[in-house]
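Shown next: upload-v4.cif, given as mmCIF, C-alpha atoms.
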```
data_input
loop_
_atom_site.label_atom_id
_atom_site.label_comp_id
_atom_site.auth_asym_id
_atom_site.auth_seq_id
_atom_site.Cartn_x
_atom_site.Cartn_y
_atom_site.Cartn_z
CA MET A 1 68.56 -23.64 -33.53
CA THR A 2 67.03 -23.92 -30.05
CA HIS A 3 67.15 -21.08 -27.50
CA SER A 4 68.16 -18.69 -30.27
CA GLY A 5 66.90 -15.67 -28.29
CA PHE A 6 69.30 -16.36 -25.42
CA ILE A 7 72.19 -17.14 -27.75
CA PHE A 8 71.79 -14.02 -29.92
CA ALA A 9 71.24 -11.86 -26.83
CA ALA A 10 74.53 -13.05 -25.28
CA TRP A 11 76.49 -12.61 -28.51
CA GLY A 12 74.79 -9.29 -29.26
CA ILE A 13 75.63 -7.86 -25.84
CA VAL A 14 79.26 -8.97 -26.07
CA LEU A 15 79.78 -7.58 -29.57
CA ALA A 16 77.91 -4.34 -28.80
CA VAL A 17 79.87 -3.68 -25.59
CA LEU A 18 83.21 -4.44 -27.24
CA VAL A 19 82.43 -2.20 -30.23
CA LEU A 20 81.13 0.67 -28.05
CA TYR A 21 84.10 0.48 -25.68
CA SER A 22 86.52 0.40 -28.64
CA VAL A 23 84.87 3.43 -30.23
CA HIS A 24 84.99 5.22 -26.86
CA LEU A 25 88.75 4.49 -26.61
CA VAL A 26 89.45 5.75 -30.12
CA LEU A 27 87.42 8.95 -29.70
CA ARG A 28 88.88 9.71 -26.27
CA GLY A 29 92.36 9.04 -27.62
CA ARG A 30 91.78 11.50 -30.45
CA SER A 31 90.45 14.28 -28.24
CA LEU A 32 93.25 13.86 -25.67
CA THR A 33 95.93 13.75 -28.37
CA ASN A 34 94.71 17.07 -29.72
CA ALA A 35 94.63 18.53 -26.19
CA VAL A 36 98.32 17.77 -25.63
CA GLU A 37 101.19 19.83 -27.05
CA PRO A 38 102.81 18.07 -30.04
CA GLU A 39 106.12 17.58 -28.18
CA HIS A 40 104.31 15.54 -25.50
CA ARG A 41 102.32 13.32 -27.87
CA ARG A 42 104.93 10.69 -28.51
CA TRP A 43 104.49 8.13 -25.74
CA LEU A 44 106.78 5.73 -27.57
CA ASP A 45 109.66 8.21 -27.57
CA SER A 46 109.20 9.05 -23.93
CA GLY A 47 110.35 5.80 -22.39
CA ALA A 48 112.94 7.58 -20.27
CA GLU A 49 110.19 9.73 -18.86
CA THR A 50 107.94 6.89 -17.87
CA LYS A 51 110.01 3.71 -17.56
CA GLY A 52 111.91 3.34 -14.35
CA VAL A 53 111.11 6.83 -13.21
CA SER A 54 108.46 7.48 -10.65
CA HIS A 55 106.28 10.47 -11.49
CA PRO A 56 109.00 12.58 -13.13
CA PRO A 57 109.87 15.81 -11.35
CA ARG A 58 108.03 18.83 -12.62
CA GLU A 59 109.85 21.11 -15.02
CA GLN A 60 110.91 24.37 -13.43
CA PRO A 61 109.07 27.24 -15.07
CA MET B 1 106.15 10.42 -38.11
CA SER B 2 106.73 13.70 -36.29
CA PRO B 3 104.92 14.33 -32.97
CA ALA B 4 102.71 16.96 -34.64
CA GLU B 5 101.49 14.31 -37.09
CA VAL B 6 100.30 12.05 -34.23
CA THR B 7 96.60 12.84 -33.98
CA SER B 8 95.26 9.71 -32.28
CA THR B 9 96.29 6.84 -30.03
CA GLY B 10 96.32 4.56 -33.07
CA SER B 11 99.48 3.39 -34.78
CA ARG B 12 100.56 0.90 -37.42
CA GLY B 13 100.65 -1.79 -34.73
CA THR B 14 97.08 -1.16 -33.55
CA ARG B 15 95.84 -1.05 -37.13
CA VAL B 16 97.44 -4.44 -37.86
CA ILE B 17 95.98 -5.97 -34.67
CA GLY B 18 92.62 -4.32 -35.38
CA SER B 19 92.48 -5.78 -38.90
CA ILE B 20 93.33 -9.26 -37.61
CA VAL B 21 90.65 -8.90 -34.91
CA LEU B 22 87.95 -7.87 -37.41
CA ALA B 23 88.74 -10.84 -39.64
CA GLY B 24 88.91 -13.04 -36.54
CA ILE B 25 85.45 -11.96 -35.36
CA VAL B 26 83.93 -12.95 -38.72
CA PHE B 27 85.72 -16.31 -38.57
CA HIS B 28 84.66 -16.85 -34.93
CA VAL B 29 80.99 -16.15 -35.75
CA LEU B 30 81.11 -18.66 -38.62
CA LEU B 31 82.93 -21.17 -36.45
CA SER B 32 80.50 -20.79 -33.56
CA PHE B 33 77.24 -20.68 -35.50
CA VAL B 34 77.80 -22.51 -38.79
CA TRP B 35 80.66 -24.97 -38.61
CA SER B 36 80.43 -26.30 -35.03
CA ASP B 37 77.70 -28.71 -33.92
CA PRO B 38 75.43 -28.43 -30.89
CA ASP B 39 76.70 -30.04 -27.69
CA ALA B 40 75.26 -33.42 -26.64
CA ASP B 41 74.20 -32.05 -23.22
CA GLN B 42 73.80 -28.28 -23.67
CA GLY B 43 72.52 -28.31 -27.23
CA ASP B 44 72.85 -24.97 -29.05
CA LEU B 45 73.43 -23.12 -25.76
CA VAL B 46 77.08 -24.20 -25.98
CA ARG B 47 77.46 -21.36 -28.52
CA ILE B 48 77.22 -18.88 -25.63
CA MET B 49 80.30 -20.56 -24.11
CA TYR B 50 82.37 -19.36 -27.08
CA VAL B 51 82.04 -15.79 -25.79
CA HIS B 52 81.44 -16.48 -22.07
CA VAL B 53 84.61 -18.49 -21.41
CA PRO B 54 86.95 -16.08 -23.29
CA SER B 55 85.38 -13.12 -21.42
CA ALA B 56 86.05 -14.79 -18.06
CA TRP B 57 89.58 -15.77 -19.15
CA LEU B 58 90.37 -12.21 -20.21
CA ALA B 59 89.02 -10.84 -16.93
CA TYR B 60 91.41 -13.13 -15.00
CA MET B 61 94.30 -12.19 -17.27
CA ALA B 62 93.61 -8.45 -17.14
CA PHE B 63 93.39 -8.44 -13.34
CA THR B 64 96.58 -10.52 -13.11
CA VAL B 65 98.33 -7.90 -15.27
CA THR B 66 96.98 -5.21 -12.92
CA ALA B 67 98.39 -7.02 -9.89
CA PHE B 68 101.71 -7.59 -11.66
CA GLY B 69 101.80 -3.91 -12.65
CA GLY B 70 101.16 -3.03 -9.01
CA VAL B 71 104.05 -5.21 -7.83
CA MET B 72 106.34 -3.71 -10.45
CA TYR B 73 105.27 -0.19 -9.46
CA LEU B 74 106.04 -0.83 -5.79
CA TRP B 75 109.41 -2.31 -6.76
CA LYS B 76 110.53 0.09 -9.51
CA ARG B 77 108.42 3.15 -8.60
CA SER B 78 107.75 3.40 -12.32
CA LEU B 79 104.87 5.46 -13.64
CA TRP B 80 104.82 3.21 -16.72
CA TRP B 81 103.81 0.18 -14.62
CA ASP B 82 101.22 2.21 -12.72
CA LEU B 83 99.57 3.23 -16.00
CA VAL B 84 99.69 -0.36 -17.30
CA ALA B 85 97.99 -1.57 -14.10
CA GLY B 86 95.23 1.05 -14.33
CA ALA B 87 94.59 0.45 -18.05
CA SER B 88 94.37 -3.32 -17.58
CA ALA B 89 91.96 -3.00 -14.63
CA GLU B 90 89.45 -0.98 -16.65
CA ILE B 91 89.49 -3.49 -19.52
CA GLY B 92 89.26 -6.34 -17.00
CA VAL B 93 86.11 -4.80 -15.51
CA VAL B 94 84.52 -4.73 -18.98
CA PHE B 95 85.32 -8.41 -19.61
CA CYS B 96 84.33 -9.48 -16.10
CA ALA B 97 80.94 -7.78 -16.48
CA LEU B 98 80.50 -9.51 -19.86
CA ALA B 99 81.35 -12.88 -18.30
CA LEU B 100 78.69 -12.35 -15.61
CA VAL B 101 76.04 -11.18 -18.07
CA THR B 102 76.60 -13.97 -20.62
CA GLY B 103 76.78 -16.55 -17.82
CA SER B 104 73.50 -15.26 -16.47
CA ILE B 105 71.84 -15.50 -19.90
CA TRP B 106 73.17 -19.04 -20.30
CA GLY B 107 71.96 -19.97 -16.80
CA ARG B 108 68.30 -19.09 -17.42
CA PRO B 109 67.50 -21.88 -19.93
CA THR B 110 70.06 -24.28 -18.39
CA TRP B 111 69.44 -23.94 -14.63
CA GLY B 112 66.10 -22.15 -14.75
CA THR B 113 67.46 -18.98 -13.15
CA TYR B 114 69.44 -15.91 -14.19
CA TRP B 115 71.16 -15.63 -10.82
CA GLU B 116 71.87 -17.96 -7.91
CA TRP B 117 73.25 -16.37 -4.74
CA THR B 118 74.31 -19.73 -3.30
CA ASP B 119 76.60 -20.49 -6.26
CA VAL B 120 80.19 -19.80 -5.17
CA ARG B 121 81.53 -19.25 -8.71
CA ILE B 122 78.92 -16.58 -9.49
CA VAL B 123 79.27 -14.79 -6.16
CA THR B 124 83.09 -14.82 -6.12
CA THR B 125 83.11 -13.48 -9.69
CA LEU B 126 80.77 -10.68 -8.64
CA VAL B 127 83.09 -9.92 -5.70
CA LEU B 128 86.03 -9.83 -8.15
CA LEU B 129 84.17 -7.32 -10.33
CA LEU B 130 83.30 -5.13 -7.33
CA LEU B 131 86.88 -5.26 -6.04
CA TYR B 132 88.26 -3.91 -9.32
CA ILE B 133 85.54 -1.28 -9.61
CA GLY B 134 86.77 -0.26 -6.16
CA TYR B 135 90.34 -0.29 -7.48
CA LEU B 136 89.33 2.12 -10.27
CA ALA B 137 87.59 4.31 -7.69
CA VAL B 138 90.76 4.39 -5.56
CA ARG B 139 92.71 5.61 -8.59
CA ARG B 140 90.33 8.57 -8.88
CA ILE B 141 90.65 9.72 -5.26
CA PRO B 142 92.48 13.06 -5.37
CA ALA B 143 95.90 12.59 -3.77
CA ASP B 144 99.60 13.06 -4.31
CA PRO B 145 100.50 11.01 -7.44
CA HIS B 146 102.94 8.79 -5.48
CA GLN B 147 100.39 8.12 -2.78
CA ARG B 148 97.60 7.43 -5.28
CA SER B 149 99.73 4.98 -7.26
CA ARG B 150 100.99 3.22 -4.13
CA ARG B 151 97.49 2.92 -2.71
CA ALA B 152 96.13 1.58 -6.04
CA ALA B 153 98.98 -0.93 -6.34
CA VAL B 154 98.24 -2.38 -2.88
CA VAL B 155 94.49 -2.62 -3.62
CA GLY B 156 95.19 -4.23 -7.02
CA ILE B 157 97.45 -6.86 -5.47
CA ILE B 158 95.06 -7.70 -2.62
CA ALA B 159 92.09 -7.92 -5.02
CA ALA B 160 94.01 -10.39 -7.20
CA LEU B 161 94.00 -12.89 -4.33
CA ASN B 162 90.37 -13.51 -5.32
CA ILE B 163 91.34 -14.76 -8.82
CA PRO B 164 92.46 -18.26 -7.73
CA ILE B 165 89.45 -18.42 -5.40
CA VAL B 166 87.13 -17.79 -8.37
CA ARG B 167 89.05 -20.23 -10.55
CA PHE B 168 89.12 -23.12 -8.08
CA SER B 169 85.83 -22.42 -6.28
CA VAL B 170 84.06 -25.14 -8.28
CA ASP B 171 86.61 -27.70 -7.03
CA TRP B 172 86.89 -26.44 -3.43
CA TRP B 173 83.14 -26.04 -2.84
CA ALA B 174 81.76 -28.58 -5.31
CA ASP B 175 78.57 -28.96 -3.26
CA ARG B 176 77.86 -25.23 -3.33
CA THR B 177 77.84 -24.57 -7.04
CA LEU B 178 75.70 -25.27 -10.07
CA HIS B 179 78.81 -24.95 -12.24
CA GLN B 180 80.48 -28.05 -13.54
CA LYS B 181 84.10 -28.73 -12.61
CA ALA B 182 86.86 -27.46 -14.91
CA THR B 183 86.37 -28.96 -18.38
CA ILE B 184 89.81 -28.08 -19.72
CA LYS B 185 92.65 -29.30 -17.52
CA LEU B 186 96.38 -29.70 -17.93
CA GLY B 187 95.99 -33.48 -18.12
CA GLY B 188 93.40 -33.37 -20.90
CA THR B 189 89.95 -32.16 -21.82
CA GLU B 190 86.42 -33.47 -22.11
CA LEU B 191 85.82 -31.36 -25.22
CA ASP B 192 86.79 -32.41 -28.68
CA GLY B 193 86.76 -31.46 -32.34
CA LEU B 194 85.41 -28.14 -33.53
CA MET B 195 83.96 -27.25 -30.13
CA LEU B 196 87.40 -27.26 -28.55
CA PHE B 197 88.84 -25.37 -31.51
CA ALA B 198 86.06 -22.73 -31.32
CA LEU B 199 86.76 -22.27 -27.62
CA PHE B 200 90.51 -21.86 -28.11
CA PHE B 201 90.02 -19.61 -31.12
CA GLY B 202 87.78 -17.44 -28.95
CA LEU B 203 90.51 -17.25 -26.30
CA ILE B 204 93.10 -16.15 -28.87
CA LEU B 205 90.70 -13.65 -30.47
CA PHE B 206 89.74 -12.09 -27.15
CA THR B 207 93.40 -11.91 -26.14
CA LEU B 208 94.10 -9.93 -29.33
CA ILE B 209 91.13 -7.65 -28.55
CA TYR B 210 92.60 -7.14 -25.07
CA ALA B 211 96.01 -6.28 -26.60
CA TRP B 212 94.42 -3.72 -28.95
CA MET B 213 92.46 -2.16 -26.10
CA MET B 214 95.47 -2.14 -23.79
CA ILE B 215 97.59 -0.17 -26.25
CA HIS B 216 94.88 2.46 -26.72
CA ARG B 217 93.95 2.61 -23.02
CA PHE B 218 97.59 2.90 -21.94
CA ARG B 219 98.18 5.77 -24.36
CA ILE B 220 95.04 7.52 -23.12
CA ALA B 221 96.29 7.17 -19.53
CA TRP B 222 99.68 8.51 -20.62
CA LEU B 223 98.08 11.52 -22.32
CA ASP B 224 95.93 12.15 -19.24
CA GLU B 225 99.12 12.16 -17.16
CA GLN B 226 100.70 14.65 -19.56
CA ILE B 227 97.70 16.96 -19.30
CA ASP B 228 97.73 16.73 -15.49
CA ARG B 229 101.45 17.37 -15.30
CA HIS B 230 101.89 20.08 -17.92
CA GLY B 231 98.54 21.67 -17.16
CA LEU B 232 99.63 22.13 -13.54
CA ASP B 233 103.07 23.31 -14.66
CA ALA B 234 101.44 25.94 -16.87
CA ALA B 235 99.22 27.08 -13.97
CA ILE B 236 102.24 27.33 -11.62
CA ALA B 237 104.22 29.24 -14.28
CA GLU B 238 101.31 31.63 -14.78
CA ARG B 239 100.99 32.20 -11.00
CA LEU B 240 104.75 32.76 -10.65
CA ALA B 241 104.68 35.25 -13.51
CA GLU B 242 101.84 37.10 -11.79
CA SER B 243 103.77 37.17 -8.48
CA THR B 244 106.92 38.41 -10.22
CA SER B 245 105.05 41.22 -11.92
CA ASP B 246 103.46 42.16 -8.57
CA VAL B 247 106.90 42.31 -6.90
CA THR B 248 108.36 44.32 -9.80
CA ARG B 249 105.49 46.73 -9.59
CA ALA B 250 105.91 47.08 -5.80
CA VAL B 251 109.68 47.62 -6.14
CA GLY B 252 109.03 50.19 -8.87
CA LEU B 253 106.62 52.06 -6.62
CA THR B 254 109.12 52.09 -3.69
CA LYS B 255 111.88 53.40 -5.92
CA THR B 256 109.56 56.09 -7.22
CA GLY B 257 108.73 57.00 -3.61
CA ALA B 258 112.45 57.13 -2.64
CA ASP B 259 113.28 59.27 -5.65
CA LEU B 260 110.66 61.72 -4.56
#
```
Show me, as structure tokens, the structure contained in the file I just sent.
Amino acid sequence: MTHSGFIFAAWGIVLAVLVLYSVHLVLRGRSLTNAVEPEHRRWLDSGAETKGVSHPPREQP
Amino acid sequence: MSPAEVTSTGSRGTRVIGSIVLAGIVFHVLLSFVWSDPDADQGDLVRIMYVHVPSAWLAYMAFTVTAFGGVMYLWKRSLWWDLVAGASAEIGVVFCALALVTGSIWGRPTWGTYWEWTDVRIVTTLVLLLLYIGYLAVRRIPADPHQRSRRAAVVGIIAALNIPIVRFSVDWWADRTLHQKATIKLGGTELDGLMLFALFFGLILFTLIYAWMMIHRFRIAWLDEQIDRHGLDAAIAERLAESTSDVTRAVGLTKTGADL
């Protein structure tokens, strides 16, 4: 294979960046999930809160 | 699964997509390095195209989703669309940077240079990257949530006007670019066989990677929003409780004084 250094460098950078970014997403997701109260963790159940509603009004304390 | 059992932004859906992606990466490496032949003109360097072109494609797609999310936010005033737009922009920046880096690596042995400032495709792609880094910066400027989202939506839409300029720059300014004209067109393609298949497989694979990242990044943005919102609510509640106890104490003191 000719120019193998250039080819492996390009592929290596792409794979490394994608893997590192994916790991970053997973770890950040885990830490944020644990920082949120259990009742606010279910994004899928909270469609009414986020879909079609602009920045939902704050709950009155 | 109860909310308490949710301990990450992963789900069955992301695990299925993730498994397909991992298998797809192995297949794409074999396809690109073992099964496909060198190109008649580029030789083995064509193998860089199997990651460069999908990266550029995903950058365009991600930024288009950001602009669409911005339009939908301005129309519906929906936080959901604002979060989608922000998540897609960050992923788009990653892919756009990868497209520039891999293109630069490919350019050195092909054109004899890593970077050419007079090449319109390279420069407009760099401008696109900088515009969306600016978009992400705008999202971080402290402001009222409505104002921040509205501002970001407008920037995201204006920045997207550069996407067709990047895409068609090689046709519009053919004398100012080292890039070849579009190889894959609606009317047909100059590629054939396994090379074309490897390129399309790369596009599908990278689109799946984008989908996996989008789900995780959106959920992270959603959780961030929850922390902002409920964290502030808790602080307000705490301050109100303090004020109430101060008033009660003051009233208690007055009554005591009156009784005396």
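Shown here are all protein and nucleic acid residues lying within 10 Å of (76.3, -9.0, -24.2), with only C-alpha atoms considered: Ile7, Phe8, Ala9, Ala10, Trp11, Gly12, Ile13, Val14, Leu15, Ala16, Val17 and Leu18 of chain A; Val51, His52, Ala97, Leu98, Ala99, Leu100, Val101, Thr102, Gly103 and Ile105 of chain B.
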Long-range neighbours of B:Leu126 as a tab-separated table (two decimals) with C-alpha atoms, in the coordinates of the input, 10 Å cut-off, only C-alpha atoms, 2 positions minimum in chain:
```tsv
chain	number	residue	atom	x	y	z
B	96	CYS	CA	84.33	-9.48	-16.10
B	97	ALA	CA	80.94	-7.78	-16.48
B	99	ALA	CA	81.35	-12.88	-18.30
B	100	LEU	CA	78.69	-12.35	-15.61
B	120	VAL	CA	80.19	-19.80	-5.17
B	121	ARG	CA	81.53	-19.25	-8.71
B	122	ILE	CA	78.92	-16.58	-9.49
B	123	VAL	CA	79.27	-14.79	-6.16
B	124	THR	CA	83.09	-14.82	-6.12
B	128	LEU	CA	86.03	-9.83	-8.15
B	129	LEU	CA	84.17	-7.32	-10.33
B	130	LEU	CA	83.30	-5.13	-7.33
B	131	LEU	CA	86.88	-5.26	-6.04
B	166	VAL	CA	87.13	-17.79	-8.37
```
Residues returned when the PyMOL selection byres ((chain B and resi 38) around 12) runs on this file, as a PyMOL selection string:
(chain A and resi 1-3) or (chain B and resi 31-37+39-49+193-195)
Preceding selection exported with C-alpha atoms as a compact mmCIF listing (two decimals), in the coordinates of the input:
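Saved the output as selection_9.txt:
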```
# COMPACT_ATOMS: atom_id res chain seq x y z
CA MET A 1 68.56 -23.64 -33.53
CA THR A 2 67.03 -23.92 -30.05
CA HIS A 3 67.15 -21.08 -27.50
CA LEU B 31 82.93 -21.17 -36.45
CA SER B 32 80.50 -20.79 -33.56
CA PHE B 33 77.24 -20.68 -35.50
CA VAL B 34 77.80 -22.51 -38.79
CA TRP B 35 80.66 -24.97 -38.61
CA SER B 36 80.43 -26.30 -35.03
CA ASP B 37 77.70 -28.71 -33.92
CA ASP B 39 76.70 -30.04 -27.69
CA ALA B 40 75.26 -33.42 -26.64
CA ASP B 41 74.20 -32.05 -23.22
CA GLN B 42 73.80 -28.28 -23.67
CA GLY B 43 72.52 -28.31 -27.23
CA ASP B 44 72.85 -24.97 -29.05
CA LEU B 45 73.43 -23.12 -25.76
CA VAL B 46 77.08 -24.20 -25.98
CA ARG B 47 77.46 -21.36 -28.52
CA ILE B 48 77.22 -18.88 -25.63
CA MET B 49 80.30 -20.56 -24.11
CA GLY B 193 86.76 -31.46 -32.34
CA LEU B 194 85.41 -28.14 -33.53
CA MET B 195 83.96 -27.25 -30.13
```
Counting only C-alpha atoms, chain B residues within 8 Å of chain A, as a VMD selection string
chain B and resid 3 to 4 6 to 10 43 to 45 47 to 48 51 76 to 81 98 101 to 102 105 to 106 109 145 to 146 213 216 to 217 219 to 220 222 to 224 226 to 227 229 233 to 234 236 to 237
Include C-alpha atoms and write out the residues we just selected as an mmCIF file, in the frame of the given file.
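Everything below was put into out-v4.cif:
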```cif
data_model
loop_
_atom_site.group_PDB
_atom_site.id
_atom_site.type_symbol
_atom_site.label_atom_id
_atom_site.label_comp_id
_atom_site.auth_asym_id
_atom_site.auth_seq_id
_atom_site.Cartn_x
_atom_site.Cartn_y
_atom_site.Cartn_z
ATOM 1 C CA PRO B 3 104.920 14.330 -32.970
ATOM 2 C CA ALA B 4 102.710 16.960 -34.640
ATOM 3 C CA VAL B 6 100.300 12.050 -34.230
ATOM 4 C CA THR B 7 96.600 12.840 -33.980
ATOM 5 C CA SER B 8 95.260 9.710 -32.280
ATOM 6 C CA THR B 9 96.290 6.840 -30.030
ATOM 7 C CA GLY B 10 96.320 4.560 -33.070
ATOM 8 C CA GLY B 43 72.520 -28.310 -27.230
ATOM 9 C CA ASP B 44 72.850 -24.970 -29.050
ATOM 10 C CA LEU B 45 73.430 -23.120 -25.760
ATOM 11 C CA ARG B 47 77.460 -21.360 -28.520
ATOM 12 C CA ILE B 48 77.220 -18.880 -25.630
ATOM 13 C CA VAL B 51 82.040 -15.790 -25.790
ATOM 14 C CA LYS B 76 110.530 0.090 -9.510
ATOM 15 C CA ARG B 77 108.420 3.150 -8.600
ATOM 16 C CA SER B 78 107.750 3.400 -12.320
ATOM 17 C CA LEU B 79 104.870 5.460 -13.640
ATOM 18 C CA TRP B 80 104.820 3.210 -16.720
ATOM 19 C CA TRP B 81 103.810 0.180 -14.620
ATOM 20 C CA LEU B 98 80.500 -9.510 -19.860
ATOM 21 C CA VAL B 101 76.040 -11.180 -18.070
ATOM 22 C CA THR B 102 76.600 -13.970 -20.620
ATOM 23 C CA ILE B 105 71.840 -15.500 -19.900
ATOM 24 C CA TRP B 106 73.170 -19.040 -20.300
ATOM 25 C CA PRO B 109 67.500 -21.880 -19.930
ATOM 26 C CA PRO B 145 100.500 11.010 -7.440
ATOM 27 C CA HIS B 146 102.940 8.790 -5.480
ATOM 28 C CA MET B 213 92.460 -2.160 -26.100
ATOM 29 C CA HIS B 216 94.880 2.460 -26.720
ATOM 30 C CA ARG B 217 93.950 2.610 -23.020
ATOM 31 C CA ARG B 219 98.180 5.770 -24.360
ATOM 32 C CA ILE B 220 95.040 7.520 -23.120
ATOM 33 C CA TRP B 222 99.680 8.510 -20.620
ATOM 34 C CA LEU B 223 98.080 11.520 -22.320
ATOM 35 C CA ASP B 224 95.930 12.150 -19.240
ATOM 36 C CA GLN B 226 100.700 14.650 -19.560
ATOM 37 C CA ILE B 227 97.700 16.960 -19.300
ATOM 38 C CA ARG B 229 101.450 17.370 -15.300
ATOM 39 C CA ASP B 233 103.070 23.310 -14.660
ATOM 40 C CA ALA B 234 101.440 25.940 -16.870
ATOM 41 C CA ILE B 236 102.240 27.330 -11.620
ATOM 42 C CA ALA B 237 104.220 29.240 -14.280
#
```
One-decimal distance in Å that lies between atom CA of B:Phe218 and atom CA of B:Leu83
6.3 Å
For atom CA of B:Ile204 and atom CA of B:Ile163, quote the distance in Å rounded to one decimal.
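If I compute the distance from atom CA of B:Ile204 to atom CA of B:Ile163, I get 20.2 Å.
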Around (94.8, -1.9, -23.0) in the file's own coordinates, what residues are found within 9 Å if you use all atoms listed in the file, given back as a PyMOL selection string?
chain B and resi 62+84+87-91+209-219
Interatomic distance (Å, one decimal) between atom CA of B:Ala160 and atom CA of B:Gly92
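Going from atom CA of B:Ala160 over to atom CA of B:Gly92 covers 11.6 Å.
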Mind telling me what the PyMOL selection byres ((chain B and resi 150) around 12) catches here, as an NGL selection string?
(:A and (54-55)) or (:B and (69-79 or 81-83 or 85-86 or 135 or 138-139 or 143-149 or 151-157))
Only N, CA and C atoms, as an mmCIF file, in the first residue's frame: that is what I want for stretch 3-19 of chain A.
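Contents of out-v6.cif, freshly written:
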```cif
data_model
loop_
_atom_site.group_PDB
_atom_site.id
_atom_site.type_symbol
_atom_site.label_atom_id
_atom_site.label_comp_id
_atom_site.auth_asym_id
_atom_site.auth_seq_id
_atom_site.Cartn_x
_atom_site.Cartn_y
_atom_site.Cartn_z
ATOM 1 N N HIS A 3 1.584 5.397 0.426
ATOM 2 C CA HIS A 3 1.126 6.482 1.314
ATOM 3 C C HIS A 3 0.420 5.955 2.555
ATOM 4 N N SER A 4 0.876 4.814 3.059
ATOM 5 C CA SER A 4 0.168 4.202 4.193
ATOM 6 C C SER A 4 0.166 5.107 5.433
ATOM 7 N N GLY A 5 1.235 5.896 5.618
ATOM 8 C CA GLY A 5 1.288 6.798 6.777
ATOM 9 C C GLY A 5 0.145 7.793 6.769
ATOM 10 N N PHE A 6 -0.115 8.396 5.607
ATOM 11 C CA PHE A 6 -1.206 9.371 5.484
ATOM 12 C C PHE A 6 -2.570 8.693 5.696
ATOM 13 N N ILE A 7 -2.700 7.518 5.092
ATOM 14 C CA ILE A 7 -3.988 6.810 5.156
ATOM 15 C C ILE A 7 -4.309 6.385 6.600
ATOM 16 N N PHE A 8 -3.323 5.781 7.272
ATOM 17 C CA PHE A 8 -3.571 5.331 8.653
ATOM 18 C C PHE A 8 -3.735 6.517 9.607
ATOM 19 N N ALA A 9 -3.025 7.620 9.309
ATOM 20 C CA ALA A 9 -3.181 8.815 10.151
ATOM 21 C C ALA A 9 -4.617 9.338 10.048
ATOM 22 N N ALA A 10 -5.137 9.441 8.837
ATOM 23 C CA ALA A 10 -6.501 9.950 8.632
ATOM 24 C C ALA A 10 -7.522 9.043 9.321
ATOM 25 N N TRP A 11 -7.405 7.742 9.065
ATOM 26 C CA TRP A 11 -8.342 6.799 9.694
ATOM 27 C C TRP A 11 -8.191 6.790 11.215
ATOM 28 N N GLY A 12 -6.946 6.826 11.671
ATOM 29 C CA GLY A 12 -6.693 6.798 13.114
ATOM 30 C C GLY A 12 -7.297 7.994 13.808
ATOM 31 N N ILE A 13 -7.129 9.180 13.210
ATOM 32 C CA ILE A 13 -7.692 10.400 13.817
ATOM 33 C C ILE A 13 -9.215 10.311 13.866
ATOM 34 N N VAL A 14 -9.817 9.880 12.769
ATOM 35 C CA VAL A 14 -11.288 9.793 12.727
ATOM 36 C C VAL A 14 -11.795 8.826 13.802
ATOM 37 N N LEU A 15 -11.225 7.628 13.824
ATOM 38 C CA LEU A 15 -11.701 6.628 14.791
ATOM 39 C C LEU A 15 -11.437 7.088 16.228
ATOM 40 N N ALA A 16 -10.255 7.669 16.464
ATOM 41 C CA ALA A 16 -9.926 8.111 17.830
ATOM 42 C C ALA A 16 -10.891 9.216 18.282
ATOM 43 N N VAL A 17 -11.135 10.194 17.422
ATOM 44 C CA VAL A 17 -12.028 11.301 17.800
ATOM 45 C C VAL A 17 -13.451 10.787 18.052
ATOM 46 N N LEU A 18 -13.924 9.910 17.170
ATOM 47 C CA LEU A 18 -15.288 9.392 17.346
ATOM 48 C C LEU A 18 -15.404 8.576 18.635
ATOM 49 N N VAL A 19 -14.394 7.761 18.928
ATOM 50 C CA VAL A 19 -14.432 6.953 20.154
ATOM 51 C C VAL A 19 -14.359 7.867 21.387
#
```
